[in-house]
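Engineer: Submitted below is the structure of interest, expressed as structure tokens.
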Amino acid sequence: MTTIDDLPIRDELRGKTPYGAPQLDVAVRLNTNENSYPLPDAVVDAIAKAVQAELRDLNRYPDRDAVALRADLADYLGHGLTAANTWAANGSNEIQQQLLQAFAGPGRTALGFGPSYSMHPLLAQGTGSRWIGALRDPDFGLTPAAALAQIQEHDPDLIFLCSPNNPTGTALDPEVVTAVLDAARGMVIVDEAYAEFARPGTPSALTVLPGHPRLVVTRTMSKAFGFAGGRLGYLAADPAVVDAVQLVRLPYHLSALTQAAARAALSQRDALLATVEAIKEQRDRIVATLRDRGRAVADSDANFVLFEVGGDQKIVWQRLLDRGVLIRDVGLAGWLRVTAGTPAETDAFLEALK
Ligand code: PMP
């Protein structure tokens, strides 16, 4: 049998494993930070109608620049943003890949503060960028002093910040973002995939955008909007950043069906985002219950919770799976991450963990 090693694959990809959160058919799936609630009927109908209206014209390529969708995204974000400040792609992973292609790549470096989202280093490597694994503070926070020391040491071309951070749930104060922007020479990407779940008093890095053309905020409809299957991620930045990613995007990368479905979903955003408060309640319940049980739990501004298992996390992960509850081993010794889902899913998780 031929294996990857028999192929003339790029040297830096040898021995690597692909992104691979298990997709298992179990009763309680709390491992990929999806929104557990199916789309309401009214939203399903609106999306079906919007997609139907595109079908006859599928002989034509879609709007390459997705201008109408970008205007809708800007309207959703507020902060005085317009279509010129936004860009959309098939998930925020593709957005981040495009940013790396435009601003990092061969001969350049990308830096992130771990533990953080596992795709950042993979996307960096896939685009030929050299990855620098800097570190968060031991309490999973990131102080400006610690961030600046590591930036000064490595002088990266591109920096990933993640707020709220996956897998810890920790939100960053916008002061850290401005300190990093002031200290860094390169682009600063703030991955805000979970922004809608932040607790009150945690401002988005969108507030820092004016006057900072090297700042990019990436967002997604995969989490709060419950649109993970629709694949729609986007960014907000100076219009020059949008000009830059247009140099590397594939022509017609975002299908007419995706654009129409995402616009319909955005038009129904009140119905879709109605689940956010319910999910935050379950998140806070998981944090409080596990702390009551004497476990160390990271503060969370996201739709998931990182908690200490008090032993080998691989064994606890398997035992939970044996009880029909799939959560996530993020490779952090002694810790596991669970997504906040419906009240029934939280019941099942808390009971199984006992
Ligand atoms: N950023 C972070 C921090 C994430 O956790 C995820 C999804 N797990 C993504 C980006 C990518 O999401 P998507 O490509 O679905 O927008």
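Each chain in the structure tokens gets a letter, A, B, ..., in the order shown, and its residues are numbered from 1; ligands are numbered from 1 in order too.
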Return as a PyMOL selection string the residues of protein, DNA or RNA that approach ligand 1 to within 10 Å, with only C-alpha atoms and all ligand atoms taken into account.

Structural biologist: chain A and resi 21+31-34+89-96+116-120+161-167+169+190-195+218-223+227-234+302+304

Engineer: Write out as a PyMOL selection string which residues come within 7 Å of A:Gly186 when counting only C-alpha atoms, dropping same-chain ones fewer than 6 positions away.

Structural biologist: chain A and resi 156-158+214

Engineer: Per DSSP on the backbone, filter stretch 122-318 of chain A down to the residues in helix (DSSP H, G or I) and report them as a count of residues only.

Structural biologist: 84

Engineer: Which residues are near stretch 183-185 of chain A? Cut-off 10 Å, only C-alpha atoms, ignore same chain within fewer than 6 positions. Put them as a list in words.

Structural biologist: Pro144, Ala147, Leu148, Ala149, Ile151, Gln152, His154, Asp155, Pro156, Asp157, Leu158, Ile159, Val177 and Arg214 of chain A

Engineer: Would you save the residues from that selection as a PDB file, in the first residue's frame, using C-alpha atoms?

Structural biologist:
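Written file, again04.pdb:
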ATOM      1  CA  PRO A 144       1.038  42.885  28.011  1.00  0.00           C
ATOM      2  CA  ALA A 147       3.314  39.223  25.297  1.00  0.00           C
ATOM      3  CA  LEU A 148       5.757  42.036  24.508  1.00  0.00           C
ATOM      4  CA  ALA A 149       8.808  40.149  25.789  1.00  0.00           C
ATOM      5  CA  ILE A 151       7.272  39.504  20.499  1.00  0.00           C
ATOM      6  CA  GLN A 152      10.524  41.415  20.986  1.00  0.00           C
ATOM      7  CA  HIS A 154      11.039  36.756  17.878  1.00  0.00           C
ATOM      8  CA  ASP A 155       9.986  39.821  15.831  1.00  0.00           C
ATOM      9  CA  PRO A 156       7.255  37.871  13.940  1.00  0.00           C
ATOM     10  CA  ASP A 157       5.648  38.871  10.645  1.00  0.00           C
ATOM     11  CA  LEU A 158       2.198  37.839  11.849  1.00  0.00           C
ATOM     12  CA  ILE A 159       0.770  37.352  15.362  1.00  0.00           C
ATOM     13  CA  VAL A 177      -4.260  44.103  21.679  1.00  0.00           C
ATOM     14  CA  ARG A 214      -2.236  46.116  10.829  1.00  0.00           C
TER      15      ARG A 214
END

Engineer: Per residue of stretch 141-223 of chain A within 10 Å of stretch 61-83 of chain A, note the shortest atom pair and the distance in Å to one decimal, counting only C-alpha atoms, and order the rows by chain and increasing residue number, as a tab-separated table.

Structural biologist:
residue	atom	partner	partner_atom	distance
A:Leu206	CA	A:His79	CA	7.2
A:Thr207	CA	A:His79	CA	7.2
A:Leu209	CA	A:His79	CA	9.1
A:Pro210	CA	A:His79	CA	9.4
A:Arg219	CA	A:Leu77	CA	9.8

Engineer: Based on the selection just made, write N, CA and C atoms of those residues as a JSON list (two decimals), in the first residue's frame.

Structural biologist:
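As a result, selection_0.json now contains:
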[["chain", "number", "residue", "atom", "x", "y", "z"],
["A", 206, "LEU", "N", -12.77, 44.88, 17.89],
["A", 206, "LEU", "CA", -13.32, 45.78, 16.88],
["A", 206, "LEU", "C", -13.21, 47.23, 17.35],
["A", 207, "THR", "N", -13.24, 47.43, 18.68],
["A", 207, "THR", "CA", -13.16, 48.79, 19.23],
["A", 207, "THR", "C", -11.78, 49.41, 18.96],
["A", 209, "LEU", "N", -10.01, 48.88, 16.10],
["A", 209, "LEU", "CA", -9.69, 48.95, 14.65],
["A", 209, "LEU", "C", -9.33, 50.35, 14.13],
["A", 210, "PRO", "N", -10.08, 51.40, 14.53],
["A", 210, "PRO", "CA", -9.77, 52.71, 13.93],
["A", 210, "PRO", "C", -8.30, 53.10, 14.16],
["A", 219, "ARG", "N", -13.95, 36.54, 12.55],
["A", 219, "ARG", "CA", -15.18, 36.07, 13.18],
["A", 219, "ARG", "C", -15.73, 34.88, 12.38]]

Engineer: I need the residues of stretch 119-340 of chain A that end up classed as strand (DSSP E or B) by DSSP on the backbone, written out as a PDB file with C-alpha atoms, in the first residue's frame.

Structural biologist:
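Heads up, here's the output in out-v7.pdb:
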ATOM      1  CA  ARG A 130       7.584  29.220  10.173  1.00  0.00           C
ATOM      2  CA  TRP A 131       5.525  28.834  13.373  1.00  0.00           C
ATOM      3  CA  ILE A 132       6.752  30.262  16.663  1.00  0.00           C
ATOM      4  CA  GLY A 133       4.991  28.785  19.696  1.00  0.00           C
ATOM      5  CA  ALA A 134       4.980  31.536  22.330  1.00  0.00           C
ATOM      6  CA  LEU A 135       3.232  30.950  25.670  1.00  0.00           C
ATOM      7  CA  LEU A 158       2.198  37.839  11.849  1.00  0.00           C
ATOM      8  CA  ILE A 159       0.770  37.352  15.362  1.00  0.00           C
ATOM      9  CA  PHE A 160      -2.323  35.388  16.352  1.00  0.00           C
ATOM     10  CA  LEU A 161      -4.237  36.460  19.439  1.00  0.00           C
ATOM     11  CA  CYS A 162      -7.392  34.527  20.264  1.00  0.00           C
ATOM     12  CA  MET A 187       0.085  41.928  11.243  1.00  0.00           C
ATOM     13  CA  VAL A 188      -1.962  41.178  14.367  1.00  0.00           C
ATOM     14  CA  ILE A 189      -4.908  38.790  13.930  1.00  0.00           C
ATOM     15  CA  VAL A 190      -7.436  38.613  16.755  1.00  0.00           C
ATOM     16  CA  ASP A 191      -9.454  35.409  16.335  1.00  0.00           C
ATOM     17  CA  LEU A 215      -5.086  44.785  13.001  1.00  0.00           C
ATOM     18  CA  VAL A 216      -7.477  42.116  11.655  1.00  0.00           C
ATOM     19  CA  VAL A 217     -10.427  40.721  13.625  1.00  0.00           C
ATOM     20  CA  THR A 218     -11.688  37.340  12.395  1.00  0.00           C
ATOM     21  CA  ARG A 219     -15.184  36.069  13.175  1.00  0.00           C
ATOM     22  CA  THR A 220     -17.353  33.117  12.200  1.00  0.00           C
ATOM     23  CA  GLY A 233     -16.185  33.058   8.278  1.00  0.00           C
ATOM     24  CA  TYR A 234     -15.248  36.694   7.860  1.00  0.00           C
ATOM     25  CA  LEU A 235     -12.890  39.443   8.897  1.00  0.00           C
ATOM     26  CA  ALA A 236     -13.058  43.116   9.773  1.00  0.00           C
ATOM     27  CA  ALA A 237     -10.057  45.327   9.024  1.00  0.00           C
ATOM     28  CA  VAL A 297     -11.886  25.426  36.070  1.00  0.00           C
ATOM     29  CA  PHE A 304     -17.029  25.811  26.291  1.00  0.00           C
ATOM     30  CA  VAL A 305     -15.247  25.144  29.565  1.00  0.00           C
ATOM     31  CA  LEU A 306     -11.713  23.878  30.246  1.00  0.00           C
ATOM     32  CA  PHE A 307     -11.475  21.943  33.501  1.00  0.00           C
ATOM     33  CA  GLU A 308      -8.888  19.922  35.405  1.00  0.00           C
ATOM     34  CA  VAL A 325     -20.570  11.725  26.145  1.00  0.00           C
ATOM     35  CA  LEU A 326     -17.981  12.968  23.636  1.00  0.00           C
ATOM     36  CA  ARG A 328     -12.401  17.137  23.758  1.00  0.00           C
ATOM     37  CA  TRP A 335      -7.311  19.051  31.431  1.00  0.00           C
ATOM     38  CA  LEU A 336     -10.336  18.452  29.181  1.00  0.00           C
ATOM     39  CA  ARG A 337     -12.635  20.832  27.308  1.00  0.00           C
ATOM     40  CA  VAL A 338     -16.418  20.485  27.137  1.00  0.00           C
ATOM     41  CA  THR A 339     -18.811  22.469  24.933  1.00  0.00           C
TER      42      THR A 339
END
